[in-house]
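Asks: Please find structure.cif (mmCIF, N, CA and C atoms) on the next line:
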```cif
data_upload
#
loop_
_atom_site.label_atom_id
_atom_site.label_comp_id
_atom_site.auth_asym_id
_atom_site.auth_seq_id
_atom_site.Cartn_x
_atom_site.Cartn_y
_atom_site.Cartn_z
N MET U 1 -42.53 48.24 49.58
CA MET U 1 -41.47 48.81 50.40
C MET U 1 -40.83 47.69 51.21
N ARG U 2 -39.51 47.66 51.22
CA ARG U 2 -38.74 46.65 51.93
C ARG U 2 -38.66 46.97 53.42
N PRO U 3 -38.75 45.95 54.29
CA PRO U 3 -38.60 46.22 55.72
C PRO U 3 -37.18 46.68 56.02
N PRO U 4 -37.01 47.52 57.05
CA PRO U 4 -35.66 48.00 57.38
C PRO U 4 -34.76 46.85 57.82
N ARG U 5 -33.48 46.99 57.48
CA ARG U 5 -32.49 45.99 57.90
C ARG U 5 -32.19 46.15 59.38
N PRO U 6 -31.94 45.04 60.07
CA PRO U 6 -31.57 45.16 61.48
C PRO U 6 -30.24 45.91 61.62
N ARG U 7 -30.16 46.74 62.62
CA ARG U 7 -28.94 47.52 62.86
C ARG U 7 -27.94 46.69 63.65
N SER U 8 -26.68 46.88 63.33
CA SER U 8 -25.63 46.23 64.10
C SER U 8 -25.45 46.96 65.43
N THR U 9 -24.78 46.31 66.35
CA THR U 9 -24.53 46.93 67.65
C THR U 9 -23.71 48.20 67.49
N ALA U 10 -22.72 48.18 66.61
CA ALA U 10 -21.89 49.36 66.38
C ALA U 10 -22.71 50.51 65.80
N THR U 11 -23.60 50.19 64.87
CA THR U 11 -24.45 51.22 64.25
C THR U 11 -25.38 51.83 65.28
N ARG U 12 -25.95 50.99 66.15
CA ARG U 12 -26.83 51.50 67.20
C ARG U 12 -26.06 52.40 68.16
N ARG U 13 -24.83 52.01 68.48
CA ARG U 13 -24.01 52.82 69.40
C ARG U 13 -23.72 54.19 68.81
N VAL U 14 -23.37 54.23 67.53
CA VAL U 14 -23.10 55.50 66.85
C VAL U 14 -24.36 56.37 66.83
N ALA U 15 -25.50 55.76 66.52
CA ALA U 15 -26.76 56.50 66.50
C ALA U 15 -27.11 57.03 67.89
N GLU U 16 -26.87 56.22 68.91
CA GLU U 16 -27.14 56.63 70.29
C GLU U 16 -26.27 57.82 70.67
N GLU U 17 -24.98 57.76 70.34
CA GLU U 17 -24.08 58.88 70.65
C GLU U 17 -24.47 60.13 69.90
N SER U 18 -24.85 59.98 68.65
CA SER U 18 -25.30 61.13 67.86
C SER U 18 -26.55 61.75 68.47
N GLY U 19 -27.48 60.91 68.92
CA GLY U 19 -28.69 61.40 69.55
C GLY U 19 -28.39 62.15 70.84
N ARG U 20 -27.51 61.60 71.64
CA ARG U 20 -27.15 62.27 72.90
C ARG U 20 -26.44 63.60 72.64
N ARG U 21 -25.59 63.63 71.63
CA ARG U 21 -24.91 64.87 71.26
C ARG U 21 -25.93 65.92 70.82
N GLY U 22 -26.90 65.50 70.02
CA GLY U 22 -27.97 66.40 69.57
C GLY U 22 -28.78 66.92 70.74
N GLU U 23 -29.08 66.07 71.69
CA GLU U 23 -29.85 66.49 72.85
C GLU U 23 -29.06 67.49 73.70
N ARG U 24 -27.76 67.28 73.84
CA ARG U 24 -26.93 68.25 74.59
C ARG U 24 -26.93 69.60 73.89
N LEU U 25 -26.78 69.59 72.57
CA LEU U 25 -26.79 70.84 71.80
C LEU U 25 -28.14 71.53 71.90
N ALA U 26 -29.22 70.77 71.80
CA ALA U 26 -30.56 71.36 71.90
C ALA U 26 -30.79 71.95 73.29
N ALA U 27 -30.33 71.27 74.33
CA ALA U 27 -30.48 71.78 75.70
C ALA U 27 -29.69 73.07 75.86
N TRP U 28 -28.49 73.10 75.35
CA TRP U 28 -27.65 74.31 75.41
C TRP U 28 -28.36 75.46 74.70
N TRP U 29 -28.89 75.20 73.51
CA TRP U 29 -29.56 76.22 72.72
C TRP U 29 -30.81 76.74 73.44
N LEU U 30 -31.58 75.82 74.04
CA LEU U 30 -32.77 76.25 74.78
C LEU U 30 -32.38 77.12 75.97
N ARG U 31 -31.33 76.74 76.68
CA ARG U 31 -30.88 77.57 77.82
C ARG U 31 -30.50 78.97 77.36
N LEU U 32 -29.85 79.07 76.20
CA LEU U 32 -29.52 80.40 75.67
C LEU U 32 -30.77 81.22 75.37
N LYS U 33 -31.87 80.55 75.09
CA LYS U 33 -33.14 81.22 74.78
C LYS U 33 -33.98 81.45 76.04
N GLY U 34 -33.40 81.18 77.21
CA GLY U 34 -34.10 81.47 78.46
C GLY U 34 -34.88 80.32 79.07
N TRP U 35 -34.69 79.11 78.54
CA TRP U 35 -35.39 77.95 79.08
C TRP U 35 -34.55 77.30 80.18
N GLN U 36 -35.23 76.68 81.13
CA GLN U 36 -34.59 75.87 82.16
C GLN U 36 -34.84 74.42 81.80
N ILE U 37 -33.80 73.61 81.76
CA ILE U 37 -33.96 72.19 81.45
C ILE U 37 -34.32 71.46 82.74
N LEU U 38 -35.51 70.86 82.74
CA LEU U 38 -35.99 70.15 83.93
C LEU U 38 -35.56 68.69 83.95
N ASP U 39 -35.47 68.09 82.76
CA ASP U 39 -35.12 66.67 82.70
C ASP U 39 -34.71 66.30 81.28
N ARG U 40 -34.04 65.17 81.17
CA ARG U 40 -33.58 64.64 79.87
C ARG U 40 -33.93 63.16 79.79
N ARG U 41 -34.26 62.73 78.57
CA ARG U 41 -34.51 61.31 78.28
C ARG U 41 -35.43 60.66 79.30
N VAL U 42 -36.63 61.15 79.40
CA VAL U 42 -37.60 60.63 80.34
C VAL U 42 -38.44 59.57 79.63
N ARG U 43 -38.39 58.34 80.16
CA ARG U 43 -39.12 57.23 79.54
C ARG U 43 -40.41 56.96 80.30
N THR U 44 -41.44 56.65 79.53
CA THR U 44 -42.72 56.24 80.09
C THR U 44 -43.19 55.03 79.29
N PRO U 45 -44.21 54.33 79.77
CA PRO U 45 -44.75 53.23 78.96
C PRO U 45 -45.31 53.72 77.61
N ALA U 46 -45.69 54.98 77.54
CA ALA U 46 -46.28 55.54 76.31
C ALA U 46 -45.22 56.01 75.32
N GLY U 47 -44.00 56.24 75.77
CA GLY U 47 -42.95 56.74 74.88
C GLY U 47 -41.90 57.50 75.67
N GLU U 48 -40.99 58.13 74.96
CA GLU U 48 -39.88 58.85 75.58
C GLU U 48 -39.91 60.31 75.18
N VAL U 49 -39.51 61.17 76.11
CA VAL U 49 -39.36 62.60 75.84
C VAL U 49 -37.88 62.91 75.98
N ASP U 50 -37.31 63.55 74.95
CA ASP U 50 -35.87 63.84 74.98
C ASP U 50 -35.52 64.90 76.01
N LEU U 51 -36.27 66.01 76.02
CA LEU U 51 -36.02 67.10 76.96
C LEU U 51 -37.34 67.60 77.52
N VAL U 52 -37.32 67.97 78.79
CA VAL U 52 -38.44 68.68 79.40
C VAL U 52 -37.87 70.03 79.82
N ALA U 53 -38.49 71.10 79.33
CA ALA U 53 -37.95 72.44 79.58
C ALA U 53 -39.07 73.38 80.05
N ARG U 54 -38.67 74.37 80.83
CA ARG U 54 -39.62 75.36 81.35
C ARG U 54 -39.12 76.76 81.05
N ARG U 55 -40.06 77.61 80.68
CA ARG U 55 -39.80 79.05 80.59
C ARG U 55 -41.04 79.73 81.13
N GLY U 56 -40.90 80.33 82.30
CA GLY U 56 -42.05 80.95 82.97
C GLY U 56 -43.07 79.88 83.33
N ALA U 57 -44.32 80.11 82.91
CA ALA U 57 -45.41 79.18 83.22
C ALA U 57 -45.68 78.22 82.07
N LEU U 58 -44.69 78.01 81.21
CA LEU U 58 -44.82 77.12 80.06
C LEU U 58 -43.84 75.96 80.19
N VAL U 59 -44.35 74.74 80.06
CA VAL U 59 -43.51 73.55 80.08
C VAL U 59 -43.58 72.93 78.69
N ALA U 60 -42.41 72.68 78.11
CA ALA U 60 -42.33 72.07 76.78
C ALA U 60 -41.72 70.68 76.89
N PHE U 61 -42.36 69.74 76.23
CA PHE U 61 -41.85 68.38 76.09
C PHE U 61 -41.25 68.34 74.69
N VAL U 62 -39.93 68.18 74.61
CA VAL U 62 -39.20 68.43 73.38
C VAL U 62 -38.64 67.14 72.77
N GLU U 63 -38.93 66.94 71.51
CA GLU U 63 -38.35 65.86 70.71
C GLU U 63 -37.18 66.46 69.93
N VAL U 64 -36.02 65.85 70.01
CA VAL U 64 -34.83 66.34 69.32
C VAL U 64 -34.46 65.36 68.22
N LYS U 65 -34.25 65.89 67.03
CA LYS U 65 -33.83 65.06 65.90
C LYS U 65 -32.58 65.68 65.29
N ALA U 66 -31.50 64.90 65.25
CA ALA U 66 -30.25 65.33 64.63
C ALA U 66 -30.02 64.48 63.39
N ARG U 67 -29.66 65.12 62.32
CA ARG U 67 -29.41 64.43 61.06
C ARG U 67 -28.07 64.87 60.48
N ARG U 68 -27.56 64.08 59.53
CA ARG U 68 -26.25 64.37 58.94
C ARG U 68 -26.29 65.53 57.95
N SER U 69 -27.45 65.82 57.39
CA SER U 69 -27.54 66.92 56.42
C SER U 69 -28.86 67.66 56.60
N PRO U 70 -28.89 68.94 56.24
CA PRO U 70 -30.13 69.70 56.35
C PRO U 70 -31.28 69.08 55.54
N ALA U 71 -30.97 68.47 54.40
CA ALA U 71 -32.02 67.87 53.56
C ALA U 71 -32.74 66.74 54.29
N GLU U 72 -32.05 66.04 55.18
CA GLU U 72 -32.66 64.93 55.91
C GLU U 72 -33.63 65.39 57.00
N LEU U 73 -33.56 66.66 57.37
CA LEU U 73 -34.41 67.16 58.44
C LEU U 73 -35.89 67.17 58.05
N ASP U 74 -36.17 67.34 56.76
CA ASP U 74 -37.56 67.40 56.32
C ASP U 74 -38.31 66.11 56.60
N HIS U 75 -37.60 65.01 56.75
CA HIS U 75 -38.24 63.71 56.98
C HIS U 75 -37.91 63.14 58.36
N ALA U 76 -37.38 63.97 59.24
CA ALA U 76 -36.93 63.50 60.54
C ALA U 76 -38.08 63.26 61.52
N ILE U 77 -39.18 63.93 61.32
CA ILE U 77 -40.29 63.83 62.28
C ILE U 77 -41.58 63.53 61.51
N ASP U 78 -42.40 62.70 62.10
CA ASP U 78 -43.68 62.38 61.47
C ASP U 78 -44.76 62.30 62.54
N GLN U 79 -45.97 62.10 62.10
CA GLN U 79 -47.11 62.09 63.02
C GLN U 79 -47.00 60.98 64.06
N ARG U 80 -46.53 59.82 63.66
CA ARG U 80 -46.40 58.70 64.59
C ARG U 80 -45.44 59.03 65.72
N ARG U 81 -44.29 59.59 65.38
CA ARG U 81 -43.30 59.96 66.42
C ARG U 81 -43.85 61.04 67.34
N LEU U 82 -44.50 62.04 66.74
CA LEU U 82 -45.07 63.11 67.57
C LEU U 82 -46.17 62.58 68.48
N ALA U 83 -46.95 61.63 67.99
CA ALA U 83 -48.01 61.05 68.82
C ALA U 83 -47.43 60.35 70.04
N ARG U 84 -46.31 59.69 69.87
CA ARG U 84 -45.66 59.02 71.02
C ARG U 84 -45.15 60.04 72.03
N VAL U 85 -44.57 61.15 71.53
CA VAL U 85 -44.09 62.20 72.44
C VAL U 85 -45.28 62.83 73.16
N ALA U 86 -46.37 63.08 72.43
CA ALA U 86 -47.56 63.67 73.05
C ALA U 86 -48.15 62.74 74.10
N ALA U 87 -48.17 61.44 73.83
CA ALA U 87 -48.69 60.47 74.80
C ALA U 87 -47.79 60.44 76.04
N ALA U 88 -46.49 60.48 75.85
CA ALA U 88 -45.57 60.52 76.99
C ALA U 88 -45.74 61.81 77.77
N ALA U 89 -45.92 62.93 77.06
CA ALA U 89 -46.12 64.22 77.73
C ALA U 89 -47.37 64.19 78.60
N GLU U 90 -48.40 63.54 78.12
CA GLU U 90 -49.63 63.44 78.89
C GLU U 90 -49.40 62.68 80.20
N VAL U 91 -48.60 61.63 80.13
CA VAL U 91 -48.27 60.86 81.34
C VAL U 91 -47.41 61.69 82.29
N LEU U 92 -46.48 62.47 81.74
CA LEU U 92 -45.51 63.23 82.54
C LEU U 92 -46.03 64.58 83.04
N MET U 93 -47.09 65.08 82.43
CA MET U 93 -47.58 66.42 82.75
C MET U 93 -47.75 66.66 84.25
N PRO U 94 -48.37 65.76 85.00
CA PRO U 94 -48.53 66.04 86.44
C PRO U 94 -47.20 66.18 87.18
N ARG U 95 -46.16 65.55 86.69
CA ARG U 95 -44.84 65.60 87.35
C ARG U 95 -44.15 66.95 87.14
N TYR U 96 -44.36 67.57 85.98
CA TYR U 96 -43.59 68.77 85.63
C TYR U 96 -44.39 70.06 85.57
N ALA U 97 -45.70 69.99 85.38
CA ALA U 97 -46.51 71.20 85.23
C ALA U 97 -47.52 71.30 86.37
N ALA U 98 -47.58 72.47 86.96
CA ALA U 98 -48.54 72.72 88.02
C ALA U 98 -49.87 73.17 87.41
N ALA U 99 -50.90 73.16 88.21
CA ALA U 99 -52.21 73.61 87.74
C ALA U 99 -52.10 75.03 87.19
N GLY U 100 -52.70 75.26 86.04
CA GLY U 100 -52.70 76.59 85.44
C GLY U 100 -51.52 76.85 84.52
N GLU U 101 -50.54 75.97 84.50
CA GLU U 101 -49.41 76.17 83.60
C GLU U 101 -49.73 75.57 82.23
N ASP U 102 -49.17 76.18 81.21
CA ASP U 102 -49.37 75.69 79.85
C ASP U 102 -48.33 74.64 79.52
N ILE U 103 -48.72 73.68 78.67
CA ILE U 103 -47.77 72.70 78.18
C ILE U 103 -47.88 72.63 76.66
N ARG U 104 -46.81 72.15 76.05
CA ARG U 104 -46.84 71.94 74.61
C ARG U 104 -45.76 70.93 74.24
N VAL U 105 -45.87 70.42 73.01
CA VAL U 105 -44.87 69.51 72.45
C VAL U 105 -44.12 70.28 71.38
N ASP U 106 -42.81 70.37 71.54
CA ASP U 106 -41.94 71.06 70.59
C ASP U 106 -41.00 70.07 69.93
N VAL U 107 -40.42 70.48 68.83
CA VAL U 107 -39.40 69.70 68.14
C VAL U 107 -38.22 70.61 67.86
N ILE U 108 -37.02 70.10 68.06
CA ILE U 108 -35.81 70.82 67.66
C ILE U 108 -35.08 69.94 66.65
N LEU U 109 -34.84 70.50 65.48
CA LEU U 109 -34.16 69.80 64.40
C LEU U 109 -32.74 70.35 64.27
N LEU U 110 -31.76 69.45 64.18
CA LEU U 110 -30.35 69.83 64.12
C LEU U 110 -29.66 69.16 62.95
N ALA U 111 -28.81 69.93 62.25
CA ALA U 111 -27.96 69.38 61.20
C ALA U 111 -26.72 70.26 61.12
N PRO U 112 -25.57 69.67 60.76
CA PRO U 112 -24.34 70.46 60.66
C PRO U 112 -24.51 71.62 59.68
N GLY U 113 -23.94 72.76 60.06
CA GLY U 113 -23.95 73.93 59.19
C GLY U 113 -25.24 74.72 59.20
N THR U 114 -26.19 74.35 60.07
CA THR U 114 -27.44 75.08 60.16
C THR U 114 -27.72 75.45 61.61
N ARG U 115 -28.52 76.50 61.79
CA ARG U 115 -28.96 76.85 63.13
C ARG U 115 -30.03 75.85 63.56
N PRO U 116 -30.14 75.59 64.85
CA PRO U 116 -31.22 74.71 65.30
C PRO U 116 -32.57 75.27 64.85
N ARG U 117 -33.46 74.39 64.40
CA ARG U 117 -34.80 74.79 63.99
C ARG U 117 -35.76 74.33 65.08
N HIS U 118 -36.37 75.31 65.76
CA HIS U 118 -37.27 75.04 66.89
C HIS U 118 -38.70 75.16 66.37
N ILE U 119 -39.41 74.04 66.36
CA ILE U 119 -40.81 74.04 65.94
C ILE U 119 -41.66 74.01 67.21
N GLU U 120 -42.25 75.14 67.52
CA GLU U 120 -43.07 75.26 68.72
C GLU U 120 -44.46 74.68 68.45
N ASN U 121 -45.04 74.05 69.47
CA ASN U 121 -46.38 73.48 69.34
C ASN U 121 -46.47 72.54 68.14
N ALA U 122 -45.49 71.71 67.94
CA ALA U 122 -45.43 70.83 66.76
C ALA U 122 -46.61 69.87 66.69
N TRP U 123 -47.12 69.45 67.83
CA TRP U 123 -48.23 68.48 67.82
C TRP U 123 -49.48 69.11 67.23
N ILE U 124 -49.67 70.42 67.39
CA ILE U 124 -50.83 71.12 66.85
C ILE U 124 -50.83 71.01 65.32
N GLY U 125 -49.65 71.06 64.71
CA GLY U 125 -49.53 71.03 63.26
C GLY U 125 -49.86 69.69 62.64
N TYR U 126 -50.01 68.65 63.45
CA TYR U 126 -50.29 67.33 62.90
C TYR U 126 -51.67 66.95 63.21
#
```
As structure tokens, what does this structure read like?

Replies:
Amino acid sequence: MRPPRPRSTATRRVAEESGRRGERLAAWWLRLKGWQILDRRVRTPAGEVDLVARRGALVAFVEVKARRSPAELDHAIDQRRLARVAAAAEVLMPRYAAAGEDIRVDVILLAPGTRPRHIENAWIGY
């Protein structure tokens, strides 16, 4: 397998904008489902969490993946990426969840022409 080619500055900028657009759409969709968005793009030494959301006594640390086609969504998330989100969630948990509240790692997958796919408790599946 060939190593990935370095991305140009323009390519990184387009990818960054696409990611931010996906995160805005995912946040909007979660709010429609009754979630409160607590934070966005939270960085830790262990990794980054795209969205932190609350519904009742449940706090979700959400990874958002936007792709150009529905077919690309099947390969958008893997165990390594989820492990980084889970590690970041562990660092952030005291900041967002009180004692007795449940937490989980979720994934929202987005592609044009499809409804957002919300995978609850995604870390459990890996």

Asks: Give me, as a list in words, all polymer residues having an atom no more than 10 Å from Gly34 of chain U, counting only C-alpha atoms and skipping those fewer than 4 positions away in the same chain.

Replies: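 Once the nearby chain positions are removed, what remains is Trp29, Leu30, Ala53, Arg54, Arg55 and Gly56 of chain U.
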
Asks: Between atom N of His118 of chain U and atom C of Ala10 of chain U, what is the spacing in Å?

Replies: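 Between atom C of Ala10 of chain U and atom N of His118 of chain U the gap works out to 28.3 Å.
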
Asks: So which residues get picked by the PyMOL selection byres ((chain U and resi 66) around 7) here, written as a compact mmCIF listing (two decimals) with N, CA and C atoms, in the coordinates of the input?

Replies:
```txt
# COMPACT_ATOMS: atom_id res chain seq x y z
N SER U 18 -24.85 59.98 68.65
CA SER U 18 -25.30 61.13 67.86
C SER U 18 -26.55 61.75 68.47
N GLY U 19 -27.48 60.91 68.92
CA GLY U 19 -28.69 61.40 69.55
C GLY U 19 -28.39 62.15 70.84
N GLY U 22 -26.90 65.50 70.02
CA GLY U 22 -27.97 66.40 69.57
C GLY U 22 -28.78 66.92 70.74
N GLU U 23 -29.08 66.07 71.69
CA GLU U 23 -29.85 66.49 72.85
C GLU U 23 -29.06 67.49 73.70
N VAL U 64 -36.02 65.85 70.01
CA VAL U 64 -34.83 66.34 69.32
C VAL U 64 -34.46 65.36 68.22
N LYS U 65 -34.25 65.89 67.03
CA LYS U 65 -33.83 65.06 65.90
C LYS U 65 -32.58 65.68 65.29
N ARG U 67 -29.66 65.12 62.32
CA ARG U 67 -29.41 64.43 61.06
C ARG U 67 -28.07 64.87 60.48
N ARG U 68 -27.56 64.08 59.53
CA ARG U 68 -26.25 64.37 58.94
C ARG U 68 -26.29 65.53 57.95
N SER U 69 -27.45 65.82 57.39
CA SER U 69 -27.54 66.92 56.42
C SER U 69 -28.86 67.66 56.60
N ILE U 108 -37.02 70.10 68.06
CA ILE U 108 -35.81 70.82 67.66
C ILE U 108 -35.08 69.94 66.65
N LEU U 109 -34.84 70.50 65.48
CA LEU U 109 -34.16 69.80 64.40
C LEU U 109 -32.74 70.35 64.27
N LEU U 110 -31.76 69.45 64.18
CA LEU U 110 -30.35 69.83 64.12
C LEU U 110 -29.66 69.16 62.95
N ALA U 111 -28.81 69.93 62.25
CA ALA U 111 -27.96 69.38 61.20
C ALA U 111 -26.72 70.26 61.12
```

Asks: Identify, on the basis of only C-alpha atoms, every residue whose closest approach to Val59 of chain U does not exceed 12 Å; exclude the query and any residue fewer than 2 positions from it along the same chain; express the result as a PyMOL selection string.

Replies: chain U and resi 35-39+51-57+61-62+89-90+92-106+120-121

Asks: For the residues selected in the previous step, produce a file with N, CA and C atoms as a short mmCIF file (atom, residue, chain, number, x, y, z; two decimals), in the frame of the given file.

Replies:
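Final file, part.cif:
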```cif
data_model
loop_
_atom_site.label_atom_id
_atom_site.label_comp_id
_atom_site.auth_asym_id
_atom_site.auth_seq_id
_atom_site.Cartn_x
_atom_site.Cartn_y
_atom_site.Cartn_z
N TRP U 35 -34.69 79.11 78.54
CA TRP U 35 -35.39 77.95 79.08
C TRP U 35 -34.55 77.30 80.18
N GLN U 36 -35.23 76.68 81.13
CA GLN U 36 -34.59 75.87 82.16
C GLN U 36 -34.84 74.42 81.80
N ILE U 37 -33.80 73.61 81.76
CA ILE U 37 -33.96 72.19 81.45
C ILE U 37 -34.32 71.46 82.74
N LEU U 38 -35.51 70.86 82.74
CA LEU U 38 -35.99 70.15 83.93
C LEU U 38 -35.56 68.69 83.95
N ASP U 39 -35.47 68.09 82.76
CA ASP U 39 -35.12 66.67 82.70
C ASP U 39 -34.71 66.30 81.28
N LEU U 51 -36.27 66.01 76.02
CA LEU U 51 -36.02 67.10 76.96
C LEU U 51 -37.34 67.60 77.52
N VAL U 52 -37.32 67.97 78.79
CA VAL U 52 -38.44 68.68 79.40
C VAL U 52 -37.87 70.03 79.82
N ALA U 53 -38.49 71.10 79.33
CA ALA U 53 -37.95 72.44 79.58
C ALA U 53 -39.07 73.38 80.05
N ARG U 54 -38.67 74.37 80.83
CA ARG U 54 -39.62 75.36 81.35
C ARG U 54 -39.12 76.76 81.05
N ARG U 55 -40.06 77.61 80.68
CA ARG U 55 -39.80 79.05 80.59
C ARG U 55 -41.04 79.73 81.13
N GLY U 56 -40.90 80.33 82.30
CA GLY U 56 -42.05 80.95 82.97
C GLY U 56 -43.07 79.88 83.33
N ALA U 57 -44.32 80.11 82.91
CA ALA U 57 -45.41 79.18 83.22
C ALA U 57 -45.68 78.22 82.07
N PHE U 61 -42.36 69.74 76.23
CA PHE U 61 -41.85 68.38 76.09
C PHE U 61 -41.25 68.34 74.69
N VAL U 62 -39.93 68.18 74.61
CA VAL U 62 -39.20 68.43 73.38
C VAL U 62 -38.64 67.14 72.77
N ALA U 89 -45.92 62.93 77.06
CA ALA U 89 -46.12 64.22 77.73
C ALA U 89 -47.37 64.19 78.60
N GLU U 90 -48.40 63.54 78.12
CA GLU U 90 -49.63 63.44 78.89
C GLU U 90 -49.40 62.68 80.20
N LEU U 92 -46.48 62.47 81.74
CA LEU U 92 -45.51 63.23 82.54
C LEU U 92 -46.03 64.58 83.04
N MET U 93 -47.09 65.08 82.43
CA MET U 93 -47.58 66.42 82.75
C MET U 93 -47.75 66.66 84.25
N PRO U 94 -48.37 65.76 85.00
CA PRO U 94 -48.53 66.04 86.44
C PRO U 94 -47.20 66.18 87.18
N ARG U 95 -46.16 65.55 86.69
CA ARG U 95 -44.84 65.60 87.35
C ARG U 95 -44.15 66.95 87.14
N TYR U 96 -44.36 67.57 85.98
CA TYR U 96 -43.59 68.77 85.63
C TYR U 96 -44.39 70.06 85.57
N ALA U 97 -45.70 69.99 85.38
CA ALA U 97 -46.51 71.20 85.23
C ALA U 97 -47.52 71.30 86.37
N ALA U 98 -47.58 72.47 86.96
CA ALA U 98 -48.54 72.72 88.02
C ALA U 98 -49.87 73.17 87.41
N ALA U 99 -50.90 73.16 88.21
CA ALA U 99 -52.21 73.61 87.74
C ALA U 99 -52.10 75.03 87.19
N GLY U 100 -52.70 75.26 86.04
CA GLY U 100 -52.70 76.59 85.44
C GLY U 100 -51.52 76.85 84.52
N GLU U 101 -50.54 75.97 84.50
CA GLU U 101 -49.41 76.17 83.60
C GLU U 101 -49.73 75.57 82.23
N ASP U 102 -49.17 76.18 81.21
CA ASP U 102 -49.37 75.69 79.85
C ASP U 102 -48.33 74.64 79.52
N ILE U 103 -48.72 73.68 78.67
CA ILE U 103 -47.77 72.70 78.18
C ILE U 103 -47.88 72.63 76.66
N ARG U 104 -46.81 72.15 76.05
CA ARG U 104 -46.84 71.94 74.61
C ARG U 104 -45.76 70.93 74.24
N VAL U 105 -45.87 70.42 73.01
CA VAL U 105 -44.87 69.51 72.45
C VAL U 105 -44.12 70.28 71.38
N ASP U 106 -42.81 70.37 71.54
CA ASP U 106 -41.94 71.06 70.59
C ASP U 106 -41.00 70.07 69.93
N GLU U 120 -42.25 75.14 67.52
CA GLU U 120 -43.07 75.26 68.72
C GLU U 120 -44.46 74.68 68.45
N ASN U 121 -45.04 74.05 69.47
CA ASN U 121 -46.38 73.48 69.34
C ASN U 121 -46.47 72.54 68.14
#
```

Asks: Of the candidates U:Thr9, U:Gly47, U:Val14, U:Glu72, which one gets nearest to Ala86 of chain U if we count only N, CA and C atoms?

Replies: U:Gly47

Asks: Let's see if you can do this: from backbone DSSP, list all alpha helix (DSSP H) residues in segment 2-52 of chain U, as a VMD selection string.

Replies: chain U and resid 9 to 32

Asks: Go ahead and write the selection's residues with N, CA and C atoms as a short mmCIF file (atom, residue, chain, number, x, y, z; two decimals), in the coordinates of the input.

Replies:
```cif
data_model
loop_
_atom_site.label_atom_id
_atom_site.label_comp_id
_atom_site.auth_asym_id
_atom_site.auth_seq_id
_atom_site.Cartn_x
_atom_site.Cartn_y
_atom_site.Cartn_z
N THR U 9 -24.78 46.31 66.35
CA THR U 9 -24.53 46.93 67.65
C THR U 9 -23.71 48.20 67.49
N ALA U 10 -22.72 48.18 66.61
CA ALA U 10 -21.89 49.36 66.38
C ALA U 10 -22.71 50.51 65.80
N THR U 11 -23.60 50.19 64.87
CA THR U 11 -24.45 51.22 64.25
C THR U 11 -25.38 51.83 65.28
N ARG U 12 -25.95 50.99 66.15
CA ARG U 12 -26.83 51.50 67.20
C ARG U 12 -26.06 52.40 68.16
N ARG U 13 -24.83 52.01 68.48
CA ARG U 13 -24.01 52.82 69.40
C ARG U 13 -23.72 54.19 68.81
N VAL U 14 -23.37 54.23 67.53
CA VAL U 14 -23.10 55.50 66.85
C VAL U 14 -24.36 56.37 66.83
N ALA U 15 -25.50 55.76 66.52
CA ALA U 15 -26.76 56.50 66.50
C ALA U 15 -27.11 57.03 67.89
N GLU U 16 -26.87 56.22 68.91
CA GLU U 16 -27.14 56.63 70.29
C GLU U 16 -26.27 57.82 70.67
N GLU U 17 -24.98 57.76 70.34
CA GLU U 17 -24.08 58.88 70.65
C GLU U 17 -24.47 60.13 69.90
N SER U 18 -24.85 59.98 68.65
CA SER U 18 -25.30 61.13 67.86
C SER U 18 -26.55 61.75 68.47
N GLY U 19 -27.48 60.91 68.92
CA GLY U 19 -28.69 61.40 69.55
C GLY U 19 -28.39 62.15 70.84
N ARG U 20 -27.51 61.60 71.64
CA ARG U 20 -27.15 62.27 72.90
C ARG U 20 -26.44 63.60 72.64
N ARG U 21 -25.59 63.63 71.63
CA ARG U 21 -24.91 64.87 71.26
C ARG U 21 -25.93 65.92 70.82
N GLY U 22 -26.90 65.50 70.02
CA GLY U 22 -27.97 66.40 69.57
C GLY U 22 -28.78 66.92 70.74
N GLU U 23 -29.08 66.07 71.69
CA GLU U 23 -29.85 66.49 72.85
C GLU U 23 -29.06 67.49 73.70
N ARG U 24 -27.76 67.28 73.84
CA ARG U 24 -26.93 68.25 74.59
C ARG U 24 -26.93 69.60 73.89
N LEU U 25 -26.78 69.59 72.57
CA LEU U 25 -26.79 70.84 71.80
C LEU U 25 -28.14 71.53 71.90
N ALA U 26 -29.22 70.77 71.80
CA ALA U 26 -30.56 71.36 71.90
C ALA U 26 -30.79 71.95 73.29
N ALA U 27 -30.33 71.27 74.33
CA ALA U 27 -30.48 71.78 75.70
C ALA U 27 -29.69 73.07 75.86
N TRP U 28 -28.49 73.10 75.35
CA TRP U 28 -27.65 74.31 75.41
C TRP U 28 -28.36 75.46 74.70
N TRP U 29 -28.89 75.20 73.51
CA TRP U 29 -29.56 76.22 72.72
C TRP U 29 -30.81 76.74 73.44
N LEU U 30 -31.58 75.82 74.04
CA LEU U 30 -32.77 76.25 74.78
C LEU U 30 -32.38 77.12 75.97
N ARG U 31 -31.33 76.74 76.68
CA ARG U 31 -30.88 77.57 77.82
C ARG U 31 -30.50 78.97 77.36
N LEU U 32 -29.85 79.07 76.20
CA LEU U 32 -29.52 80.40 75.67
C LEU U 32 -30.77 81.22 75.37
#
```

Asks: Enumerate, as a VMD selection string, the residues matched when the PyMOL selection byres ((chain U and resi 45) around 8) is run on the file above.

Replies: chain U and resid 42 to 44 46 to 48 87 to 88 91

Asks: For a test of reading the model, state the distance in Å between atom C of Thr11 of chain U and atom N of Arg117 of chain U, rounded to one decimal.

Replies: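 Between these atoms lies a distance of 24.0 Å.
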
Asks: Could you state the separation of atom CA of Ala122 of chain U and atom CA of Arg13 of chain U in Å, given to one decimal place?

Replies: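 For atom CA of Ala122 of chain U relative to atom CA of Arg13 of chain U, the distance reads 28.1 Å.
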
Asks: Around segment 41-47 of chain U, fit a box with edges along x, y and z, padding it by 8 Å on each side, then list its centre and edge lengths in Å to one decimal as lines of an AutoDock Vina configuration file.

Replies:
```
center_x = -40.3
center_y = 58.0
center_z = 77.6
size_x = 28.0
size_y = 25.5
size_z = 21.5
```

Asks: Find the residue from U:His75, U:Arg80, U:Arg41, U:Arg115 that sits nearest to Arg20 of chain U; use only C-alpha atoms when measuring.

Replies: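 Of U:His75, U:Arg80, U:Arg41, U:Arg115, the one nearest Arg20 of chain U is U:Arg41, counting only C-alpha atoms.
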